>>> print(open('upload24.pdb').read())   # PDB, C-alpha atoms, pLDDT in the B column
ATOM      1  CA  SER P  12      33.160  32.922  -5.163  1.00 53.00           C
ATOM      2  CA  LYS P  13      33.992  36.354  -6.500  1.00 60.00           C
ATOM      3  CA  SER P  14      31.332  38.872  -7.356  1.00 64.00           C
ATOM      4  CA  ILE P  15      30.700  39.642 -11.014  1.00 61.00           C
ATOM      5  CA  ARG P  16      32.460  43.001 -10.561  1.00 65.00           C
ATOM      6  CA  GLU P  17      35.759  41.204  -9.885  1.00 69.00           C
ATOM      7  CA  ARG P  18      35.639  38.938 -12.923  1.00 76.00           C
ATOM      8  CA  VAL P  19      36.932  39.267 -16.441  1.00 82.00           C
ATOM      9  CA  TYR P  20      34.297  38.425 -19.023  1.00 84.00           C
ATOM     10  CA  VAL P  21      35.736  37.231 -22.337  1.00 88.00           C
ATOM     11  CA  THR P  22      33.229  37.050 -25.164  1.00 89.00           C
ATOM     12  CA  THR P  23      32.724  37.441 -28.877  1.00 87.00           C
ATOM     13  CA  VAL P  24      31.183  40.487 -30.492  1.00 88.00           C
ATOM     14  CA  HIS P  25      28.102  38.405 -31.330  1.00 85.00           C
ATOM     15  CA  LYS P  26      27.524  37.305 -27.742  1.00 88.00           C
ATOM     16  CA  ALA P  27      28.175  40.781 -26.321  1.00 86.00           C
ATOM     17  CA  LYS P  28      25.351  42.386 -28.283  1.00 83.00           C
ATOM     18  CA  GLY P  29      22.899  43.923 -25.844  1.00 88.00           C
ATOM     19  CA  LEU P  30      25.328  43.739 -22.908  1.00 92.00           C
ATOM     20  CA  GLU P  31      27.360  46.566 -21.368  1.00 93.00           C
ATOM     21  CA  PHE P  32      30.571  46.542 -19.369  1.00 92.00           C
ATOM     22  CA  ASP P  33      32.482  49.230 -17.487  1.00 92.00           C
ATOM     23  CA  ASN P  34      35.672  48.396 -19.366  1.00 92.00           C
ATOM     24  CA  VAL P  35      35.977  46.911 -22.837  1.00 94.00           C
ATOM     25  CA  ILE P  36      39.122  45.894 -24.698  1.00 94.00           C
ATOM     26  CA  VAL P  37      38.827  45.266 -28.430  1.00 94.00           C
ATOM     27  CA  PHE P  38      41.806  43.144 -29.442  1.00 92.00           C
ATOM     28  CA  ASP P  39      43.339  42.791 -32.896  1.00 93.00           C
ATOM     29  CA  ALA P  40      41.675  45.914 -34.290  1.00 94.00           C
ATOM     30  CA  ALA P  41      43.918  45.819 -37.350  1.00 94.00           C
ATOM     31  CA  ASP P  42      43.169  46.253 -41.011  1.00 92.00           C
ATOM     32  CA  GLY P  43      42.615  42.760 -42.372  1.00 88.00           C
ATOM     33  CA  ARG P  44      40.711  41.711 -39.246  1.00 87.00           C
ATOM     34  CA  TYR P  45      38.211  44.607 -39.220  1.00 83.00           C
ATOM     35  CA  PRO P  46      37.247  44.432 -42.060  1.00 79.00           C
ATOM     36  CA  ASN P  47      38.109  40.823 -42.658  1.00 79.00           C
ATOM     37  CA  ALA P  48      40.642  40.494 -45.479  1.00 79.00           C
ATOM     38  CA  PHE P  49      38.596  37.693 -47.061  1.00 80.00           C
ATOM     39  CA  ASN P  50      35.415  39.762 -47.321  1.00 78.00           C
ATOM     40  CA  LYS P  51      35.346  41.503 -50.668  1.00 77.00           C
ATOM     41  CA  SER P  52      31.839  42.922 -50.955  1.00 87.00           C
ATOM     42  CA  LYS P  53      30.480  46.241 -49.738  1.00 88.00           C
ATOM     43  CA  LYS P  54      27.712  44.399 -47.888  1.00 90.00           C
ATOM     44  CA  GLN P  55      30.263  42.335 -45.946  1.00 88.00           C
ATOM     45  CA  ASP P  56      32.288  45.467 -45.138  1.00 87.00           C
ATOM     46  CA  GLU P  57      29.152  47.160 -43.825  1.00 90.00           C
ATOM     47  CA  GLU P  58      28.403  44.134 -41.635  1.00 89.00           C
ATOM     48  CA  ASN P  59      31.976  44.189 -40.301  1.00 89.00           C
ATOM     49  CA  ALA P  60      31.614  47.909 -39.535  1.00 90.00           C
ATOM     50  CA  ARG P  61      28.425  47.167 -37.577  1.00 91.00           C
ATOM     51  CA  LYS P  62      30.199  44.425 -35.609  1.00 90.00           C
ATOM     52  CA  PHE P  63      33.080  46.747 -34.786  1.00 91.00           C
ATOM     53  CA  TYR P  64      30.590  49.388 -33.629  1.00 92.00           C
ATOM     54  CA  VAL P  65      28.852  46.812 -31.429  1.00 92.00           C
ATOM     55  CA  ALA P  66      32.203  45.874 -29.885  1.00 92.00           C
ATOM     56  CA  MET P  67      33.053  49.506 -29.119  1.00 93.00           C
ATOM     57  CA  SER P  68      29.606  50.467 -27.890  1.00 93.00           C
ATOM     58  CA  ARG P  69      29.613  47.834 -25.116  1.00 94.00           C
ATOM     59  CA  ALA P  70      31.841  50.100 -22.986  1.00 94.00           C
ATOM     60  CA  LYS P  71      30.170  52.223 -20.328  1.00 94.00           C
ATOM     61  CA  ARG P  72      33.320  53.864 -18.916  1.00 94.00           C
ATOM     62  CA  ARG P  73      36.511  52.866 -20.729  1.00 94.00           C
ATOM     63  CA  LEU P  74      37.243  51.539 -24.194  1.00 93.00           C
ATOM     64  CA  TYR P  75      40.653  50.228 -25.193  1.00 93.00           C
ATOM     65  CA  ILE P  76      41.445  49.499 -28.829  1.00 93.00           C
ATOM     66  CA  ALA P  77      44.488  47.258 -29.319  1.00 95.00           C
ATOM     67  CA  TYR P  78      46.366  45.858 -32.286  1.00 95.00           C
ATOM     68  CA  SER P  79      49.910  44.763 -33.021  1.00 95.00           C
ATOM     69  CA  LEU P  80      52.099  46.828 -35.330  1.00 96.00           C
ATOM     70  CA  GLN P  81      53.506  43.697 -36.929  1.00 96.00           C
ATOM     71  CA  MET P  82      52.461  40.105 -37.468  1.00 94.00           C
ATOM     72  CA  ILE P  83      54.344  36.974 -38.388  1.00 95.00           C
ATOM     73  CA  ASP P  84      52.662  34.768 -40.968  1.00 93.00           C
ATOM     74  CA  ARG P  85      52.802  30.988 -41.016  1.00 95.00           C
ATOM     75  CA  TYR P  86      55.957  31.128 -43.143  1.00 98.00           C
ATOM     76  CA  GLY P  87      57.817  33.249 -40.600  1.00 97.00           C
ATOM     77  CA  ARG P  88      57.589  36.459 -42.637  1.00 98.00           C
ATOM     78  CA  VAL P  89      57.006  39.734 -40.794  1.00 98.00           C
ATOM     79  CA  HIS P  90      54.270  42.062 -42.078  1.00 96.00           C
ATOM     80  CA  ASN P  91      53.508  45.594 -40.909  1.00 97.00           C
ATOM     81  CA  ARG P  92      49.946  46.217 -39.819  1.00 96.00           C
ATOM     82  CA  GLU P  93      47.716  49.270 -39.657  1.00 95.00           C
ATOM     83  CA  LEU P  94      44.830  50.179 -37.394  1.00 94.00           C
ATOM     84  CA  THR P  95      41.436  49.232 -38.806  1.00 93.00           C
ATOM     85  CA  PRO P  96      40.070  51.818 -41.247  1.00 92.00           C
ATOM     86  CA  PHE P  97      36.848  51.745 -39.220  1.00 91.00           C
ATOM     87  CA  MET P  98      38.679  53.960 -36.704  1.00 92.00           C
ATOM     88  CA  ASP P  99      39.506  56.676 -39.263  1.00 90.00           C
ATOM     89  CA  ALA P 100      36.409  58.782 -38.636  1.00 84.00           C
ATOM     90  CA  ILE P 101      36.602  58.610 -34.834  1.00 86.00           C
ATOM     91  CA  GLN P 102      40.299  58.266 -34.010  1.00 82.00           C
ATOM     92  CA  LYS P 103      40.625  61.964 -33.098  1.00 80.00           C
ATOM     93  CA  ARG P 104      38.292  61.337 -30.118  1.00 80.00           C
ATOM     94  CA  PHE P 105      40.777  58.909 -28.567  1.00 72.00           C
ATOM     95  CA  ASN P 106      43.986  59.893 -26.808  1.00 63.00           C
TER      96      ASN P 106
END
>>> encode(input="upload24.pdb", output="structure tokens")
Amino acid sequence: SKSIRERVYVTTVHKAKGLEFDNVIVFDAADGRYPNAFNKSKKQDEENARKFYVAMSRAKRRLYIAYSLQMIDRYGRVHNRELTPFMDAIQKRFN
């Protein structure tokens, strides 16, 4: 059995609340996912911003934010994607 330090822990933002990890990777941090494209109210956007903050704040040492520049929809059409707008205020802190 491997020690916990040698394992990869895959979780949801909800289940990670209150936990910390040396390294955190936030996948699919694209506009339309954070905030969710189906959420139309300010209250829902604020909740999505809190969830994104929770995801980022789980990192003790390293935080990686990842998203794809393009996506293919179910009809085979390619769409360009942008980084989540939740990163706008803090993006300058990342290199």
>>> atom_distance(input="upload24.pdb", atom1="atom CA of P:Asp42", atom2="atom CA of P:Met98")
9.9 Å
>>> residues_near_point(input="upload24.pdb", point="(38.9, 43.3, -37.3)", cutoff="10 Å", atoms="only C-alpha atoms", output="VMD selection string")
chain P and resid 37 to 48 59 to 60 62 to 63 78 94 to 97
>>> resolve_selection(input="upload24.pdb", expression="the PyMOL selection byres ((chain P and resi 80) around 9)", output="list in words")
Ala41, Tyr78, Ser79, Gln81, Met82, His90, Asn91, Arg92, Glu93 and Leu94 of chain P
>>> atom_distance(input="upload24.pdb", atom1="atom CA of P:Val21", atom2="atom CA of P:Ile36")
9.6 Å
>>> atom_distance(input="upload24.pdb", atom1="atom CA of P:Ala27", atom2="atom CA of P:Met67")
10.4 Å
>>> closest_residue(input="upload24.pdb", among="P:Phe49, P:Asp99, P:Asp56, P:Asn34", to="P:Arg72", atoms="only C-alpha atoms")
P:Asn34
>>> closest_residue(input="upload24.pdb", among="P:Arg104, P:Lys71, P:Arg85, P:Arg18", to="P:Asp33", atoms="only C-alpha atoms")
P:Lys71
>>> axis_aligned_box(input="upload24.pdb", around="stretch 77-89 of chain P", padding_each_side="8 Å", output="AutoDock Vina command-line options")
--center_x 51.2 --center_y 39.1 --center_z -36.2 --size_x 29.3 --size_y 32.3 --size_z 29.8
